[in-house]
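Chemist: Provided herewith: final-v7.cif, mmCIF, N, CA and C atoms.
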data_structure
loop_
_atom_site.label_atom_id
_atom_site.label_comp_id
_atom_site.auth_asym_id
_atom_site.auth_seq_id
_atom_site.Cartn_x
_atom_site.Cartn_y
_atom_site.Cartn_z
N MET A 1251 154.87 36.47 187.13
CA MET A 1251 153.43 36.61 187.24
C MET A 1251 152.76 35.75 186.17
N PRO A 1252 151.77 34.92 186.53
CA PRO A 1252 151.11 34.06 185.55
C PRO A 1252 150.33 34.88 184.52
N VAL A 1253 150.28 34.36 183.30
CA VAL A 1253 149.54 35.02 182.23
C VAL A 1253 148.12 34.48 182.21
N ASP A 1254 147.16 35.38 182.17
CA ASP A 1254 145.75 34.98 182.05
C ASP A 1254 145.43 34.85 180.56
N HIS A 1255 145.49 33.63 180.04
CA HIS A 1255 145.30 33.40 178.62
C HIS A 1255 143.90 33.78 178.16
N ALA A 1256 142.91 33.65 178.98
CA ALA A 1256 141.55 34.05 178.61
C ALA A 1256 141.50 35.54 178.33
N GLN A 1257 142.18 36.34 179.14
CA GLN A 1257 142.18 37.78 178.92
C GLN A 1257 142.95 38.16 177.65
N ALA A 1258 143.95 37.40 177.29
CA ALA A 1258 144.76 37.72 176.12
C ALA A 1258 143.95 37.68 174.83
N PHE A 1259 142.88 36.91 174.80
CA PHE A 1259 142.10 36.76 173.58
C PHE A 1259 140.72 37.40 173.64
N VAL A 1260 140.39 38.05 174.72
CA VAL A 1260 139.03 38.52 174.93
C VAL A 1260 138.58 39.53 173.87
N MET A 1261 139.48 40.33 173.33
CA MET A 1261 139.10 41.35 172.38
C MET A 1261 139.05 40.83 170.94
N GLU A 1262 139.78 39.77 170.63
CA GLU A 1262 139.81 39.29 169.25
C GLU A 1262 138.47 38.70 168.85
N ILE A 1263 138.11 38.94 167.58
CA ILE A 1263 136.88 38.40 167.01
C ILE A 1263 137.27 37.45 165.88
N PHE A 1264 136.67 36.29 165.87
CA PHE A 1264 136.89 35.27 164.84
C PHE A 1264 135.63 35.18 163.99
N VAL A 1265 135.82 35.17 162.69
CA VAL A 1265 134.69 35.14 161.77
C VAL A 1265 134.79 33.88 160.91
N PHE A 1266 133.66 33.19 160.80
CA PHE A 1266 133.57 31.98 159.99
C PHE A 1266 132.44 32.15 158.98
N ALA A 1267 132.71 31.84 157.74
CA ALA A 1267 131.68 31.90 156.70
C ALA A 1267 131.77 30.64 155.86
N ARG A 1268 130.62 30.04 155.60
CA ARG A 1268 130.52 28.87 154.73
C ARG A 1268 129.89 29.32 153.43
N LEU A 1269 130.45 28.92 152.32
CA LEU A 1269 129.93 29.28 151.00
C LEU A 1269 129.79 28.00 150.18
N HIS A 1270 128.59 27.66 149.78
CA HIS A 1270 128.38 26.49 148.93
C HIS A 1270 127.86 26.97 147.58
N ALA A 1271 128.69 26.76 146.56
CA ALA A 1271 128.39 27.27 145.23
C ALA A 1271 127.23 26.54 144.56
N LEU A 1272 126.46 27.31 143.81
CA LEU A 1272 125.44 26.71 142.94
C LEU A 1272 126.16 25.86 141.90
N PRO A 1273 125.47 24.88 141.30
CA PRO A 1273 126.10 24.09 140.25
C PRO A 1273 126.68 24.99 139.15
N GLY A 1274 127.93 24.75 138.81
CA GLY A 1274 128.59 25.52 137.77
C GLY A 1274 129.16 26.85 138.20
N LYS A 1275 129.04 27.21 139.47
CA LYS A 1275 129.50 28.52 139.96
C LYS A 1275 130.74 28.42 140.84
N ARG A 1276 131.32 27.24 140.97
CA ARG A 1276 132.47 27.02 141.85
C ARG A 1276 133.63 27.98 141.54
N ASP A 1277 133.98 28.10 140.26
CA ASP A 1277 135.13 28.95 139.91
C ASP A 1277 134.85 30.42 140.22
N GLU A 1278 133.62 30.86 140.05
CA GLU A 1278 133.28 32.25 140.35
C GLU A 1278 133.35 32.53 141.85
N VAL A 1279 132.91 31.58 142.66
CA VAL A 1279 133.01 31.75 144.11
C VAL A 1279 134.48 31.80 144.51
N HIS A 1280 135.27 30.88 143.98
CA HIS A 1280 136.70 30.85 144.28
C HIS A 1280 137.35 32.18 143.89
N ARG A 1281 137.03 32.69 142.72
CA ARG A 1281 137.62 33.94 142.24
C ARG A 1281 137.23 35.11 143.14
N ALA A 1282 135.96 35.18 143.54
CA ALA A 1282 135.49 36.26 144.42
C ALA A 1282 136.22 36.21 145.76
N MET A 1283 136.41 35.00 146.29
CA MET A 1283 137.15 34.85 147.56
C MET A 1283 138.59 35.32 147.40
N PHE A 1284 139.20 34.95 146.29
CA PHE A 1284 140.59 35.34 146.05
C PHE A 1284 140.70 36.85 145.91
N ASP A 1285 139.78 37.46 145.16
CA ASP A 1285 139.85 38.90 144.90
C ASP A 1285 139.70 39.73 146.17
N VAL A 1286 138.91 39.28 147.13
CA VAL A 1286 138.67 40.08 148.34
C VAL A 1286 139.76 39.87 149.39
N GLN A 1287 140.52 38.80 149.30
CA GLN A 1287 141.48 38.51 150.37
C GLN A 1287 142.62 39.52 150.42
N GLY A 1288 143.09 40.02 149.31
CA GLY A 1288 144.19 40.99 149.32
C GLY A 1288 143.84 42.27 150.06
N PRO A 1289 142.75 42.95 149.66
CA PRO A 1289 142.38 44.17 150.37
C PRO A 1289 142.00 43.90 151.83
N THR A 1290 141.43 42.74 152.11
CA THR A 1290 141.05 42.42 153.49
C THR A 1290 142.29 42.24 154.35
N ARG A 1291 143.27 41.51 153.86
CA ARG A 1291 144.51 41.30 154.62
C ARG A 1291 145.24 42.61 154.91
N ALA A 1292 145.05 43.60 154.03
CA ALA A 1292 145.73 44.89 154.19
C ALA A 1292 145.06 45.80 155.21
N GLU A 1293 143.87 45.45 155.67
CA GLU A 1293 143.17 46.28 156.65
C GLU A 1293 143.92 46.23 157.99
N PRO A 1294 144.01 47.39 158.66
CA PRO A 1294 144.78 47.45 159.91
C PRO A 1294 144.30 46.47 161.00
N GLY A 1295 143.02 46.19 161.09
CA GLY A 1295 142.51 45.32 162.15
C GLY A 1295 142.48 43.85 161.81
N CYS A 1296 142.87 43.49 160.59
CA CYS A 1296 142.84 42.08 160.17
C CYS A 1296 144.11 41.39 160.63
N LEU A 1297 143.94 40.38 161.48
CA LEU A 1297 145.07 39.61 161.99
C LEU A 1297 145.33 38.36 161.15
N ALA A 1298 144.29 37.84 160.48
CA ALA A 1298 144.45 36.63 159.66
C ALA A 1298 143.27 36.50 158.72
N TYR A 1299 143.54 35.93 157.54
CA TYR A 1299 142.50 35.64 156.56
C TYR A 1299 142.86 34.31 155.93
N GLY A 1300 141.94 33.37 155.97
CA GLY A 1300 142.17 32.08 155.35
C GLY A 1300 140.98 31.66 154.50
N GLY A 1301 141.27 31.17 153.32
CA GLY A 1301 140.23 30.61 152.45
C GLY A 1301 140.45 29.12 152.35
N PHE A 1302 139.36 28.35 152.39
CA PHE A 1302 139.45 26.89 152.42
C PHE A 1302 138.43 26.27 151.48
N GLN A 1303 138.77 25.10 150.93
CA GLN A 1303 137.87 24.34 150.09
C GLN A 1303 137.74 22.94 150.67
N SER A 1304 136.52 22.45 150.74
CA SER A 1304 136.26 21.13 151.29
C SER A 1304 136.96 20.05 150.48
N VAL A 1305 137.49 19.06 151.16
CA VAL A 1305 138.10 17.93 150.45
C VAL A 1305 137.05 16.91 150.01
N ARG A 1306 135.85 17.01 150.54
CA ARG A 1306 134.78 16.08 150.18
C ARG A 1306 133.79 16.65 149.17
N ASP A 1307 133.64 17.98 149.17
CA ASP A 1307 132.70 18.64 148.26
C ASP A 1307 133.39 19.85 147.67
N PRO A 1308 133.86 19.77 146.43
CA PRO A 1308 134.62 20.87 145.84
C PRO A 1308 133.81 22.15 145.66
N ASP A 1309 132.50 22.10 145.80
CA ASP A 1309 131.68 23.31 145.71
C ASP A 1309 131.52 24.01 147.05
N GLU A 1310 132.11 23.45 148.11
CA GLU A 1310 131.98 24.02 149.45
C GLU A 1310 133.28 24.72 149.86
N PHE A 1311 133.13 25.98 150.26
CA PHE A 1311 134.26 26.81 150.66
C PHE A 1311 134.02 27.38 152.05
N TYR A 1312 135.10 27.79 152.68
CA TYR A 1312 135.02 28.45 153.98
C TYR A 1312 135.99 29.63 153.99
N ILE A 1313 135.59 30.67 154.69
CA ILE A 1313 136.49 31.79 154.96
C ILE A 1313 136.59 31.89 156.47
N HIS A 1314 137.82 32.01 156.96
CA HIS A 1314 138.05 32.23 158.39
C HIS A 1314 138.92 33.47 158.52
N THR A 1315 138.43 34.46 159.28
CA THR A 1315 139.23 35.65 159.52
C THR A 1315 139.31 35.91 161.01
N ARG A 1316 140.34 36.67 161.38
CA ARG A 1316 140.55 37.02 162.78
C ARG A 1316 140.81 38.52 162.83
N TRP A 1317 140.12 39.19 163.76
CA TRP A 1317 140.15 40.65 163.87
C TRP A 1317 140.57 41.08 165.26
N THR A 1318 141.18 42.25 165.35
CA THR A 1318 141.64 42.76 166.64
C THR A 1318 140.48 42.98 167.60
N ASP A 1319 139.33 43.38 167.06
CA ASP A 1319 138.15 43.62 167.90
C ASP A 1319 136.92 43.79 167.01
N MET A 1320 135.78 43.97 167.63
CA MET A 1320 134.52 44.09 166.90
C MET A 1320 134.50 45.35 166.04
N THR A 1321 135.10 46.41 166.52
CA THR A 1321 135.14 47.66 165.74
C THR A 1321 135.87 47.44 164.42
N ALA A 1322 136.97 46.72 164.43
CA ALA A 1322 137.73 46.45 163.21
C ALA A 1322 136.88 45.62 162.24
N PHE A 1323 136.17 44.61 162.76
CA PHE A 1323 135.34 43.80 161.88
C PHE A 1323 134.18 44.62 161.31
N GLU A 1324 133.53 45.42 162.14
CA GLU A 1324 132.41 46.24 161.67
C GLU A 1324 132.86 47.23 160.59
N HIS A 1325 134.06 47.78 160.77
CA HIS A 1325 134.62 48.68 159.75
C HIS A 1325 134.84 47.89 158.44
N HIS A 1326 135.40 46.72 158.55
CA HIS A 1326 135.63 45.84 157.40
C HIS A 1326 134.33 45.57 156.64
N ALA A 1327 133.26 45.31 157.38
CA ALA A 1327 131.98 44.96 156.76
C ALA A 1327 131.40 46.11 155.93
N GLU A 1328 131.83 47.32 156.20
CA GLU A 1328 131.30 48.49 155.49
C GLU A 1328 132.18 48.94 154.32
N LEU A 1329 133.37 48.39 154.20
CA LEU A 1329 134.28 48.82 153.15
C LEU A 1329 133.81 48.37 151.77
N PRO A 1330 134.10 49.16 150.73
CA PRO A 1330 133.61 48.83 149.38
C PRO A 1330 133.99 47.43 148.89
N HIS A 1331 135.22 46.98 149.15
CA HIS A 1331 135.61 45.65 148.65
C HIS A 1331 134.80 44.54 149.33
N THR A 1332 134.43 44.74 150.59
CA THR A 1332 133.63 43.74 151.30
C THR A 1332 132.19 43.76 150.78
N VAL A 1333 131.64 44.93 150.61
CA VAL A 1333 130.27 45.06 150.09
C VAL A 1333 130.18 44.43 148.70
N ARG A 1334 131.16 44.72 147.84
CA ARG A 1334 131.17 44.13 146.49
C ARG A 1334 131.25 42.60 146.57
N PHE A 1335 132.08 42.08 147.48
CA PHE A 1335 132.22 40.63 147.62
C PHE A 1335 130.88 40.00 148.00
N VAL A 1336 130.24 40.54 149.01
CA VAL A 1336 128.95 39.98 149.46
C VAL A 1336 127.93 40.04 148.33
N GLU A 1337 127.85 41.17 147.65
CA GLU A 1337 126.90 41.29 146.54
C GLU A 1337 127.22 40.28 145.43
N ALA A 1338 128.49 40.05 145.17
CA ALA A 1338 128.89 39.12 144.10
C ALA A 1338 128.57 37.68 144.46
N VAL A 1339 128.85 37.26 145.69
CA VAL A 1339 128.67 35.84 146.02
C VAL A 1339 127.23 35.47 146.34
N GLU A 1340 126.41 36.43 146.76
CA GLU A 1340 125.04 36.08 147.12
C GLU A 1340 124.31 35.36 145.98
N SER A 1341 124.55 35.76 144.76
CA SER A 1341 123.86 35.13 143.63
C SER A 1341 124.54 33.84 143.16
N LEU A 1342 125.69 33.52 143.74
CA LEU A 1342 126.45 32.33 143.33
C LEU A 1342 126.27 31.16 144.29
N LEU A 1343 125.57 31.38 145.40
CA LEU A 1343 125.44 30.37 146.44
C LEU A 1343 124.06 29.73 146.43
N ASP A 1344 123.99 28.50 146.94
CA ASP A 1344 122.70 27.81 147.03
C ASP A 1344 122.04 28.02 148.40
N HIS A 1345 122.50 29.05 149.11
CA HIS A 1345 121.96 29.37 150.44
C HIS A 1345 122.22 30.85 150.70
N PRO A 1346 121.52 31.45 151.64
CA PRO A 1346 121.82 32.85 151.98
C PRO A 1346 123.22 32.97 152.58
N PHE A 1347 123.93 34.04 152.20
CA PHE A 1347 125.26 34.28 152.76
C PHE A 1347 125.13 34.72 154.21
N LYS A 1348 125.92 34.10 155.07
CA LYS A 1348 125.86 34.39 156.50
C LYS A 1348 127.25 34.19 157.09
N VAL A 1349 127.60 35.04 158.05
CA VAL A 1349 128.85 34.85 158.78
C VAL A 1349 128.53 34.63 160.25
N SER A 1350 129.38 33.90 160.91
CA SER A 1350 129.26 33.68 162.36
C SER A 1350 130.44 34.36 163.03
N LEU A 1351 130.14 35.14 164.07
CA LEU A 1351 131.17 35.82 164.83
C LEU A 1351 131.38 35.08 166.13
N ALA A 1352 132.64 34.91 166.53
CA ALA A 1352 132.93 34.13 167.73
C ALA A 1352 134.08 34.76 168.50
N GLU A 1353 134.13 34.42 169.79
CA GLU A 1353 135.25 34.74 170.65
C GLU A 1353 135.95 33.44 171.00
N ARG A 1354 137.24 33.51 171.22
CA ARG A 1354 138.00 32.31 171.57
C ARG A 1354 137.66 31.90 173.00
N LEU A 1355 137.43 30.61 173.19
CA LEU A 1355 137.21 30.07 174.53
C LEU A 1355 138.52 29.71 175.21
N TRP A 1356 139.42 29.10 174.47
CA TRP A 1356 140.75 28.74 174.99
C TRP A 1356 141.70 28.63 173.84
#
Kindly return the structure encoded in the file as structure tokens.

Modeler:
Amino acid sequence: MPVDHAQAFVMEIFVFARLHALPGKRDEVHRAMFDVQGPTRAEPGCLAYGGFQSVRDPDEFYIHTRWTDMTAFEHHAELPHTVRFVEAVESLLDHPFKVSLAERLW
């Protein structure tokens, strides 16, 4: 029986966040990202967590996470380590902190 690949990914949620540090705040942003990744990876609904730094702009970072479903991500967003992370990085960025939620197309 053929596998419907679109159905296999319909429940997973992908999260993308861009973080651009204020001048002189790069190390603090990096540290905050590192500190939150351990507890986030340990959450039951977290399938993947990746932190990235731009090769062209060392003050630019990205976080990419993958969740079993929206409920798992919403639970994550309310946990103390996530709330602390958002509060910590908001003052370190040159833009408002925002995440984009996506579903896989293929």

Chemist: So which residues are close to (130.1, 32.0, 142.7), meaning at most 6 Å away in the file's coordinates with only C-alpha atoms counted, and can you show them as a PyMOL selection string?

Modeler: chain A and resi 1271+1275-1276+1278-1279+1339+1342

Chemist: Considering only N, CA and C atoms, return as a ChimeraX atom specification whatever protein or nucleic-acid residues lie within 6.5 Å of range 1294-1297 of chain A, sequence-local ones (same chain, fewer than 2 positions apart) excluded.

Modeler: /A:1290-1292,1299,1315-1319,1322-1323

Chemist: For the structure provided, state which residues fall under the PyMOL selection byres (((chain A and resi 1351 and name CA) around 12) and name CA), and present them as a list in words.

Modeler: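 Written out, the selection comes to Glu1262, Ile1263, Phe1264, Val1265, Phe1266, Ala1267, Ile1313, His1314, Thr1315, Arg1316, Trp1317, Asp1319, Met1320, Phe1323, Glu1324, Lys1348, Val1349, Ser1350, Ala1352, Glu1353 and Arg1354 of chain A.
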
Chemist: For the atom pair CA of Phe1347 in chain A and CA of Arg1268 in chain A, what is the interatomic distance in Å to one decimal place?

Modeler: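 Computing the Euclidean distance for CA of Phe1347 in chain A and CA of Arg1268 in chain A yields 7.8 Å.
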
Chemist: Where's the centre, and what are the edge lengths in Å to one decimal, of a box along x, y and z enclosing all listed atoms of range 1322-1338 of chain A padded 5 Å per side, as lines of an AutoDock Vina configuration file?

Modeler:
center_x = 132.3
center_y = 43.4
center_z = 154.3
size_x = 20.8
size_y = 21.5
size_z = 30.3

Chemist: How many Å lie between atom C of Val1333 in chain A and CA of Ala1282 in chain A, rounded to one decimal?

Modeler: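 These two atoms are separated by 10.6 Å.
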
Chemist: One number please: CA of Gly1300 in chain A to CA of Ala1327 in chain A, in Å, one decimal.

Modeler: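 Computing the Euclidean distance for CA of Gly1300 in chain A and CA of Ala1327 in chain A yields 16.5 Å.
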
Chemist: Of the candidates A:Pro1346, A:Pro1308, A:Pro1289, A:Gly1301, which one gets nearest to His1326 in chain A if we count only C-alpha atoms?

Modeler: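 Answer, going by the shortest atom-to-atom distance: A:Pro1289.
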
Chemist: Check the DSSP output for the backbone and give back, as a tab-separated table (two decimals) with N, CA and C atoms, in the frame of the given file, the residues of range 1288-1333 of chain A in strand (DSSP E or B).

Modeler:
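Below is the file that was written, part.tsv:
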chain	number	residue	atom	x	y	z
A	1296	CYS	N	142.87	43.49	160.59
A	1296	CYS	CA	142.84	42.08	160.17
A	1296	CYS	C	144.11	41.39	160.63
A	1297	LEU	N	143.94	40.38	161.48
A	1297	LEU	CA	145.07	39.61	161.99
A	1297	LEU	C	145.33	38.36	161.15
A	1298	ALA	N	144.29	37.84	160.48
A	1298	ALA	CA	144.45	36.63	159.66
A	1298	ALA	C	143.27	36.50	158.72
A	1299	TYR	N	143.54	35.93	157.54
A	1299	TYR	CA	142.50	35.64	156.56
A	1299	TYR	C	142.86	34.31	155.93
A	1300	GLY	N	141.94	33.37	155.97
A	1300	GLY	CA	142.17	32.08	155.35
A	1300	GLY	C	140.98	31.66	154.50
A	1301	GLY	N	141.27	31.17	153.32
A	1301	GLY	CA	140.23	30.61	152.45
A	1301	GLY	C	140.45	29.12	152.35
A	1302	PHE	N	139.36	28.35	152.39
A	1302	PHE	CA	139.45	26.89	152.42
A	1302	PHE	C	138.43	26.27	151.48
A	1303	GLN	N	138.77	25.10	150.93
A	1303	GLN	CA	137.87	24.34	150.09
A	1303	GLN	C	137.74	22.94	150.67
A	1310	GLU	N	132.11	23.45	148.11
A	1310	GLU	CA	131.98	24.02	149.45
A	1310	GLU	C	133.28	24.72	149.86
A	1311	PHE	N	133.13	25.98	150.26
A	1311	PHE	CA	134.26	26.81	150.66
A	1311	PHE	C	134.02	27.38	152.05
A	1312	TYR	N	135.10	27.79	152.68
A	1312	TYR	CA	135.02	28.45	153.98
A	1312	TYR	C	135.99	29.63	153.99
A	1313	ILE	N	135.59	30.67	154.69
A	1313	ILE	CA	136.49	31.79	154.96
A	1313	ILE	C	136.59	31.89	156.47
A	1314	HIS	N	137.82	32.01	156.96
A	1314	HIS	CA	138.05	32.23	158.39
A	1314	HIS	C	138.92	33.47	158.52
A	1315	THR	N	138.43	34.46	159.28
A	1315	THR	CA	139.23	35.65	159.52
A	1315	THR	C	139.31	35.91	161.01
A	1316	ARG	N	140.34	36.67	161.38
A	1316	ARG	CA	140.55	37.02	162.78
A	1316	ARG	C	140.81	38.52	162.83
A	1317	TRP	N	140.12	39.19	163.76
A	1317	TRP	CA	140.15	40.65	163.87
A	1317	TRP	C	140.57	41.08	165.26

Chemist: Spell out the residues picked by the PyMOL selection byres ((chain A and resi 1344) around 7) here, as a PyMOL selection string.

Modeler: chain A and resi 1269-1273+1340-1343+1345-1346

Chemist: Counting only N, CA and C atoms, which of A:Trp1356, A:Asp1285, A:Gly1274, A:Glu1328 gets nearest to Asp1309 in chain A?

Modeler: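 Among the listed residues, A:Gly1274 lies closest to Asp1309 in chain A.
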
Chemist: For Leu1355 in chain A, which residue among A:Met1261, A:His1325, A:Asp1277, A:Ala1298 is the nearest when counting only C-alpha atoms?

Modeler: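 Of A:Met1261, A:His1325, A:Asp1277, A:Ala1298, the one nearest Leu1355 in chain A is A:Met1261, counting only C-alpha atoms.
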